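work-v4.txt, holding compact mmCIF, C-alpha atoms:
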```txt
# COMPACT_ATOMS: atom_id res chain seq x y z
CA MET A 1 0.00 0.00 0.00
CA ILE A 2 2.94 2.32 0.55
CA THR A 3 5.43 2.83 -2.24
CA ASN A 4 8.27 5.15 -2.93
CA GLY A 5 5.79 7.46 -4.63
CA GLY A 6 5.43 9.40 -1.41
CA HIS A 7 9.00 10.66 -1.65
CA HIS A 8 8.28 12.80 -4.70
CA HIS A 9 6.77 15.35 -2.36
CA HIS A 10 10.11 15.83 -0.64
CA ASN A 11 11.98 16.22 -3.89
CA ALA A 12 9.96 19.33 -4.63
CA HIS A 13 11.09 20.90 -1.40
CA ASN A 14 14.64 20.80 -2.64
CA GLY A 15 13.73 23.48 -5.15
CA THR A 16 12.32 21.56 -8.12
CA SER A 17 8.70 21.65 -9.18
CA ASN A 18 6.77 18.40 -9.29
CA SER A 19 4.43 19.29 -12.12
CA ASN A 20 3.55 15.87 -13.55
CA GLY A 21 2.34 16.86 -16.97
CA HIS A 22 -1.31 15.98 -16.26
CA GLY A 23 -2.61 19.50 -15.78
CA ASN A 24 -1.54 19.94 -12.17
CA GLY A 25 -0.46 23.50 -12.91
CA ASP A 26 2.70 24.97 -14.36
CA ALA A 27 4.61 26.22 -11.34
CA SER A 28 8.23 25.86 -12.37
CA ARG A 29 9.19 29.48 -11.80
CA HIS A 30 11.30 30.14 -8.73
CA GLN A 31 13.00 33.12 -7.25
CA PRO A 32 16.07 32.84 -5.05
CA ALA A 33 15.36 33.64 -1.43
CA PRO A 34 17.45 33.43 1.72
CA LEU A 35 17.09 30.04 3.35
CA VAL A 36 15.38 29.91 6.73
CA GLU A 37 17.19 27.94 9.41
CA TYR A 38 16.03 26.63 12.78
CA PRO A 39 15.07 28.29 15.12
CA ASN A 40 14.31 31.30 12.91
CA ASN A 41 11.32 29.41 11.54
CA LEU A 42 9.52 29.45 14.91
CA THR A 43 7.27 32.36 14.05
CA ILE A 44 3.52 32.88 13.72
CA PRO A 45 3.73 33.76 9.98
CA ASP A 46 5.71 30.59 9.28
CA LEU A 47 3.17 28.46 11.16
CA ALA A 48 0.26 30.21 9.43
CA TYR A 49 1.80 29.59 6.01
CA PHE A 50 2.22 25.88 6.73
CA ILE A 51 -1.38 25.58 7.95
CA ALA A 52 -2.69 27.30 4.81
CA ALA A 53 -0.34 25.64 2.31
CA PRO A 54 -1.64 22.60 0.38
CA THR A 55 0.77 20.18 2.03
CA LEU A 56 0.88 18.03 5.17
CA CYS A 57 4.68 17.79 5.32
CA TYR A 58 6.45 20.68 7.01
CA GLU A 59 9.69 22.01 5.56
CA LEU A 60 11.93 24.87 6.61
CA ASN A 61 11.91 26.24 3.08
CA PHE A 62 9.03 25.53 0.74
CA PRO A 63 9.52 25.96 -3.02
CA ARG A 64 8.01 29.27 -4.14
CA THR A 65 7.01 30.87 -7.42
CA ASP A 66 8.06 34.41 -8.31
CA ARG A 67 4.58 35.81 -8.98
CA ILE A 68 0.84 35.16 -8.80
CA ARG A 69 -0.84 34.53 -12.15
CA LYS A 70 -4.20 36.32 -12.28
CA ARG A 71 -5.46 34.47 -15.36
CA PHE A 72 -4.66 31.12 -13.73
CA ILE A 73 -6.59 32.17 -10.61
CA MET A 74 -9.61 33.23 -12.66
CA LYS A 75 -9.69 29.85 -14.43
CA ARG A 76 -9.53 27.94 -11.15
CA LEU A 77 -12.20 30.16 -9.58
CA PHE A 78 -14.54 29.50 -12.50
CA GLU A 79 -13.95 25.75 -12.21
CA ILE A 80 -14.55 25.82 -8.45
CA VAL A 81 -17.86 27.70 -8.70
CA PHE A 82 -19.17 25.80 -11.74
CA LEU A 83 -18.19 22.30 -10.61
CA PHE A 84 -19.47 22.88 -7.06
CA GLN A 85 -22.90 23.87 -8.39
CA LEU A 86 -22.84 20.92 -10.80
CA ASP A 87 -22.03 18.45 -8.02
CA ILE A 88 -24.76 19.85 -5.75
CA GLY A 89 -27.30 19.63 -8.58
CA LEU A 90 -26.35 16.03 -9.39
CA ILE A 91 -26.58 15.04 -5.72
CA GLN A 92 -29.99 16.64 -5.24
CA GLN A 93 -31.57 15.57 -8.53
CA TRP A 94 -29.96 12.19 -9.13
CA MET A 95 -28.42 10.65 -6.03
CA VAL A 96 -30.87 11.62 -3.27
CA PRO A 97 -33.99 10.20 -5.01
CA THR A 98 -32.12 6.98 -5.81
CA ILE A 99 -30.96 6.57 -2.21
CA ARG A 100 -34.46 7.23 -0.84
CA ASN A 101 -35.95 4.65 -3.20
CA SER A 102 -33.48 2.06 -1.92
CA LEU A 103 -34.92 1.97 1.60
CA GLU A 104 -37.82 -0.38 0.85
CA PRO A 105 -35.67 -3.11 -0.80
CA PHE A 106 -33.35 -3.01 2.21
CA LYS A 107 -36.30 -3.35 4.60
CA GLU A 108 -37.59 -6.37 2.67
CA MET A 109 -34.04 -7.73 2.19
CA SER A 110 -34.82 -8.23 -1.48
CA LEU A 111 -31.39 -9.07 -2.90
CA GLY A 112 -32.42 -8.56 -6.52
CA ARG A 113 -33.85 -5.09 -5.91
CA MET A 114 -30.96 -4.20 -3.62
CA LEU A 115 -28.50 -5.06 -6.40
CA GLU A 116 -30.55 -3.03 -8.86
CA ARG A 117 -30.47 0.01 -6.54
CA LEU A 118 -26.73 -0.43 -6.04
CA LEU A 119 -26.05 -0.44 -9.77
CA LYS A 120 -28.45 2.47 -10.28
CA LEU A 121 -26.59 4.51 -7.65
CA ALA A 122 -23.12 3.57 -8.92
CA VAL A 123 -23.32 5.77 -12.03
CA PRO A 124 -24.21 9.13 -10.41
CA ASN A 125 -22.02 8.43 -7.38
CA HIS A 126 -18.94 7.79 -9.50
CA LEU A 127 -19.59 10.80 -11.72
CA ILE A 128 -19.98 13.03 -8.66
CA TRP A 129 -16.82 11.57 -7.11
CA LEU A 130 -14.80 12.25 -10.27
CA ILE A 131 -16.07 15.83 -10.41
CA PHE A 132 -15.25 16.32 -6.74
CA PHE A 133 -11.77 14.91 -7.27
CA TYR A 134 -11.07 17.45 -10.02
CA TRP A 135 -12.74 20.22 -8.00
CA PHE A 136 -10.62 19.63 -4.90
CA PHE A 137 -7.28 18.22 -6.04
CA HIS A 138 -6.90 20.24 -9.21
CA ALA A 139 -8.97 23.42 -9.03
CA PHE A 140 -9.04 24.22 -5.30
CA LEU A 141 -5.54 23.10 -4.31
CA ASN A 142 -4.00 24.78 -7.35
CA LEU A 143 -5.86 27.99 -6.52
CA LEU A 144 -4.63 27.85 -2.94
CA ALA A 145 -1.08 27.12 -4.06
CA GLU A 146 -1.12 29.97 -6.58
CA LEU A 147 -2.34 32.48 -3.99
CA LEU A 148 0.41 31.35 -1.60
CA ARG A 149 3.03 31.12 -4.39
CA PHE A 150 3.53 27.48 -3.39
CA SER A 151 5.15 25.73 -6.34
CA ASP A 152 4.88 22.02 -5.45
CA ARG A 153 1.77 21.22 -7.49
CA GLN A 154 1.89 17.43 -7.50
CA PHE A 155 -1.37 16.80 -5.68
CA TYR A 156 -2.10 13.60 -7.61
CA LYS A 157 -0.61 11.32 -10.24
CA ASP A 158 -2.26 9.25 -12.97
CA TRP A 159 -4.19 7.04 -10.56
CA TRP A 160 -6.69 6.22 -13.31
CA ASN A 161 -3.99 4.06 -14.91
CA SER A 162 -3.34 2.11 -11.70
CA GLU A 163 -2.91 -1.60 -12.33
CA SER A 164 -3.02 -2.47 -8.62
CA VAL A 165 -4.93 -1.30 -5.57
CA SER A 166 -1.71 -0.24 -3.83
CA THR A 167 -0.74 1.94 -6.78
CA PHE A 168 -4.11 3.68 -6.67
CA TRP A 169 -3.82 4.48 -2.97
CA SER A 170 -0.32 5.88 -3.40
CA THR A 171 -1.16 8.11 -6.37
CA TRP A 172 -4.66 9.56 -5.99
CA ASN A 173 -3.93 11.72 -2.91
CA ILE A 174 -0.26 12.71 -2.86
CA PRO A 175 -0.36 15.15 0.12
CA VAL A 176 -1.86 12.54 2.48
CA HIS A 177 0.28 9.75 1.06
CA ALA A 178 3.47 11.77 1.56
CA HIS A 179 2.39 12.60 5.12
CA LEU A 180 1.76 8.93 5.97
CA VAL A 181 5.06 7.86 4.43
CA ARG A 182 7.04 10.49 6.30
CA HIS A 183 5.33 10.36 9.69
CA VAL A 184 4.07 6.77 9.99
CA TYR A 185 5.57 4.35 7.46
CA LEU A 186 9.26 5.34 7.63
CA PRO A 187 9.29 5.75 11.46
CA LEU A 188 7.86 2.23 11.77
CA LEU A 189 10.62 0.84 9.56
CA ASN A 190 13.38 2.75 11.33
CA GLN A 191 12.43 2.30 14.99
CA ASP A 192 14.21 -0.39 17.05
CA ARG A 193 11.69 -1.49 19.71
CA VAL A 194 9.45 -3.55 17.43
CA LYS A 195 10.69 -4.68 14.04
CA PHE A 196 8.30 -3.89 11.19
CA ASN A 197 8.91 -5.09 7.68
CA ARG A 198 7.51 -3.24 4.67
CA PHE A 199 4.30 -5.30 4.60
CA TRP A 200 3.38 -4.74 8.25
CA ALA A 201 4.33 -1.07 8.14
CA SER A 202 2.05 -0.68 5.11
CA THR A 203 -0.72 -2.56 6.92
CA VAL A 204 -0.49 -0.26 9.94
CA VAL A 205 -0.72 2.77 7.67
CA PHE A 206 -3.75 1.29 5.94
CA LEU A 207 -5.47 0.52 9.26
CA LEU A 208 -4.86 4.11 10.37
CA SER A 209 -6.32 5.38 7.11
CA ALA A 210 -9.34 3.09 7.54
CA PHE A 211 -9.91 4.45 11.05
CA TYR A 212 -9.95 8.05 9.81
CA HIS A 213 -12.30 7.19 6.95
CA GLU A 214 -14.72 5.75 9.50
CA TYR A 215 -14.22 8.71 11.83
CA LEU A 216 -15.03 11.22 9.10
CA VAL A 217 -18.31 9.42 8.38
CA SER A 218 -19.48 8.30 11.83
CA VAL A 219 -19.07 11.63 13.62
CA PRO A 220 -21.22 13.74 11.24
CA LEU A 221 -23.88 11.03 11.12
CA ASN A 222 -23.84 10.65 14.91
CA MET A 223 -23.68 6.89 14.78
CA PHE A 224 -20.96 4.28 15.00
CA ARG A 225 -20.86 1.78 12.17
CA LEU A 226 -17.94 0.06 10.50
CA TRP A 227 -18.96 0.17 6.86
CA ALA A 228 -16.25 2.63 5.80
CA PHE A 229 -13.67 0.86 7.96
CA GLY A 230 -14.72 -2.51 6.59
CA GLY A 231 -14.63 -1.21 3.03
CA MET A 232 -11.07 -0.04 3.54
CA ILE A 233 -10.03 -3.31 5.17
CA ALA A 234 -11.53 -5.21 2.24
CA GLN A 235 -8.96 -3.45 0.07
CA LEU A 236 -6.19 -5.52 1.70
CA PRO A 237 -7.25 -8.96 0.37
CA LEU A 238 -8.35 -7.30 -2.87
CA SER A 239 -4.87 -5.83 -3.24
CA VAL A 240 -3.25 -9.24 -2.66
CA PHE A 241 -5.62 -10.88 -5.16
CA VAL A 242 -5.02 -8.25 -7.85
CA ASN A 243 -1.23 -8.34 -7.39
CA ARG A 244 -1.17 -12.14 -7.61
CA TYR A 245 -3.70 -12.97 -10.31
CA LEU A 246 -4.40 -9.84 -12.37
CA LYS A 247 -1.82 -7.97 -14.42
CA GLY A 248 -1.90 -4.96 -16.69
CA GLN A 249 -5.33 -3.92 -17.92
CA SER A 250 -7.08 -6.64 -15.91
CA GLY A 251 -5.69 -5.12 -12.72
CA ASN A 252 -6.81 -1.66 -13.85
CA VAL A 253 -10.33 -2.97 -14.50
CA ALA A 254 -10.43 -4.48 -10.99
CA VAL A 255 -9.40 -1.14 -9.47
CA TRP A 256 -12.14 0.71 -11.35
CA ILE A 257 -14.79 -1.85 -10.39
CA SER A 258 -13.86 -1.51 -6.71
CA LEU A 259 -14.20 2.27 -7.00
CA ILE A 260 -17.47 2.20 -8.92
CA LEU A 261 -19.26 -0.36 -6.72
CA GLY A 262 -17.59 0.05 -3.32
CA GLN A 263 -18.60 3.64 -2.61
CA PRO A 264 -22.33 3.34 -3.41
CA LEU A 265 -22.52 0.13 -1.36
CA CYS A 266 -21.19 1.98 1.68
CA ILE A 267 -23.57 4.89 1.03
CA LEU A 268 -26.57 2.56 0.99
CA MET A 269 -25.44 0.81 4.16
CA TYR A 270 -25.04 4.10 6.03
CA TYR A 271 -28.35 5.46 4.76
CA HIS A 272 -30.19 2.33 5.90
CA ASP A 273 -28.59 2.40 9.35
CA TYR A 274 -29.11 6.15 9.71
CA TYR A 275 -32.79 5.77 8.89
CA VAL A 276 -33.23 2.91 11.36
CA ILE A 277 -31.42 4.75 14.19
CA HIS A 278 -32.45 8.38 13.73
CA VAL A 279 -35.75 8.27 11.81
CA ALA A 280 -37.62 5.03 12.42
CA SER A 281 -36.73 4.92 16.13
CA THR A 282 -37.87 8.50 16.77
CA SER A 283 -41.10 8.07 14.79
CA ASN A 284 -42.03 5.06 16.90
```
With the file now loaded, output its structure as structure tokens.
Amino acid sequence: MITNGGHHHHNAHNGTSNSNGHGNGDASRHQPAPLVEYPNNLTIPDLAYFIAAPTLCYELNFPRTDRIRKRFIMKRLFEIVFLFQLDIGLIQQWMVPTIRNSLEPFKEMSLGRMLERLLKLAVPNHLIWLIFFYWFFHAFLNLLAELLRFSDRQFYKDWWNSESVSTFWSTWNIPVHAHLVRHVYLPLLNQDRVKFNRFWASTVVFLLSAFYHEYLVSVPLNMFRLWAFGGMIAQLPLSVFVNRYLKGQSGNVAVWISLILGQPLCILMYYHDYYVIHVASTSN
């Protein structure tokens, strides 16, 4: 689950831009600036910049661009406003009615109708997820980086070409992946008390990621279920199966199927449980 892909983030902090050629933003312009050394970095402005910057890995000296491009900002602003409204419209007009219509099949435990609702929800859910991915990782993070003159624009790689589950998880969200590699994976490999090999260090990172996925869902819904956690854990045997039996395009197809069907299945599970706990129980 963890590969050397996370180290690309650190290469950018040595003064080279990580623009990957997939539209992540052209930010290769740099201006020489005096290097900050510890403890001169212990200032409120330095902390504020790190909190606002689109990265989860702190550095003494972040790569910077020499100017802010107004036309680039206007393009990203247009994308942010348009795609946000498009996603909201698709959720309200396409996803919400489909989810509401799925409650009766779940009550009756009709497997055929449940499968039909799952497949019916998979199309809008995946379209909305793809739009949100572009909205956040390309438009929003590039806008934020441009305003802060932050030149490391490698927020994602070509995850859509992933031929294994582990490749997908190490390429679709570079800031989080780099953070986990730097602050969890590598410390586990390098510490002396308990010996972790690469597999178990990767497994610990994946379990931590699964916990936070569940946390981000359970807290807003005010209920504790393990659908998101279980969905993440299911990626472990799926990853082993894909690595062992599926190669090339077959592995890529398996990754896409897990994305297209896994998310709507979790959504339906949470909606059913939320209705039972918060709606049906209060109405009775």
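Relative to atom CA of A:Ile91, atom CA of A:Ala254 is found at 25.9 Å.
A straight line drawn from atom CA of A:Pro175 to atom CA of A:Gly248 is 26.3 Å long.
Considering the residues A:Phe132, A:Tyr215, A:Tyr49, A:Tyr275 and counting all atoms listed in the file, A:Asp87 has its shortest atom-to-atom contact with A:Phe132.
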Next item on the list: Give as a list of chain:residue names the set of residues within 12 Å of the point (-9.9, 23.3, -4.2), where distances use the file's coordinates and only C-alpha atoms.
Entry: A:Ala53, A:Pro54, A:Ile73, A:Arg76, A:Leu77, A:Phe78, A:Glu79, A:Ile80, A:Val81, A:Leu83, A:Phe84, A:Ile131, A:Phe132, A:Phe133, A:Tyr134, A:Trp135, A:Phe136, A:Phe137, A:His138, A:Ala139, A:Phe140, A:Leu141, A:Asn142, A:Leu143, A:Leu144, A:Ala145, A:Glu146, A:Leu147, A:Phe155
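Using all atoms listed in the file, the contacts of A:Phe224 at a cut-off of 12 Å, with sequence neighbours closer than 2 positions omitted, comprise A:Phe211, A:Glu214, A:Tyr215, A:Leu216, A:Val217, A:Ser218, A:Val219, A:Pro220, A:Leu221, A:Asn222, A:Leu226, A:Trp227, A:Ala228, A:Phe229, A:Tyr270, A:Asp273, A:Tyr274, A:Ile277.
Of note, atom CA of A:Thr171 and atom CA of A:Tyr156 are spaced 5.7 Å apart.
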Check: Neighbours of A:Arg149 within 9 Å (only C-alpha atoms; same-chain residues fewer than 6 positions away dropped), as a PyMOL selection string?
Finding: chain A and resi 27+63-68
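Shortest atom-to-atom contact with A:Val205 among A:Leu189, A:Leu121, A:Met114, A:Val181: A:Val181, counting all atoms listed in the file.
With all atoms listed in the file as the atoms that count, the residue of A:Ser151, A:Val276, A:Tyr271, A:Asn161 with the shortest distance to A:Ser102 is A:Tyr271.
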Next item on the list: Can you pull out every residue within 8 Å of A:Phe168, counting all atoms listed in the file, but drop anything in the same chain fewer than 5 positions away, and send it as a list in words?
Entry: Trp159, Trp160, Ser162, Glu163 and Val255 of chain A
Check: Of the candidates A:Trp256, A:Tyr185, A:Phe150, A:Phe72, which one gets nearest to A:Arg198 if we count all atoms listed in the file?
Finding: A:Tyr185
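Distance annotation: of A:Leu268, A:Thr55, A:Phe206, A:Gln85, the residue with the minimal separation from A:Arg153 is A:Thr55; atom set is only C-alpha atoms.
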Closest-contact table, stretch 108-189 of chain A side, partner stretch 93-97 of chain A, 10 Å, counting all atoms listed in the file, as a tab-separated table:
```
residue	atom	partner	partner_atom	distance
A:Lys120	CA	A:Met95	CA	9.2
A:Leu121	CA	A:Met95	CA	6.6
A:Ala122	CA	A:Met95	CA	9.3
A:Val123	CA	A:Met95	CA	9.3
A:Pro124	CA	A:Met95	CA	6.3
A:Asn125	CA	A:Met95	CA	6.9
A:Ile128	CA	A:Met95	CA	9.2
```
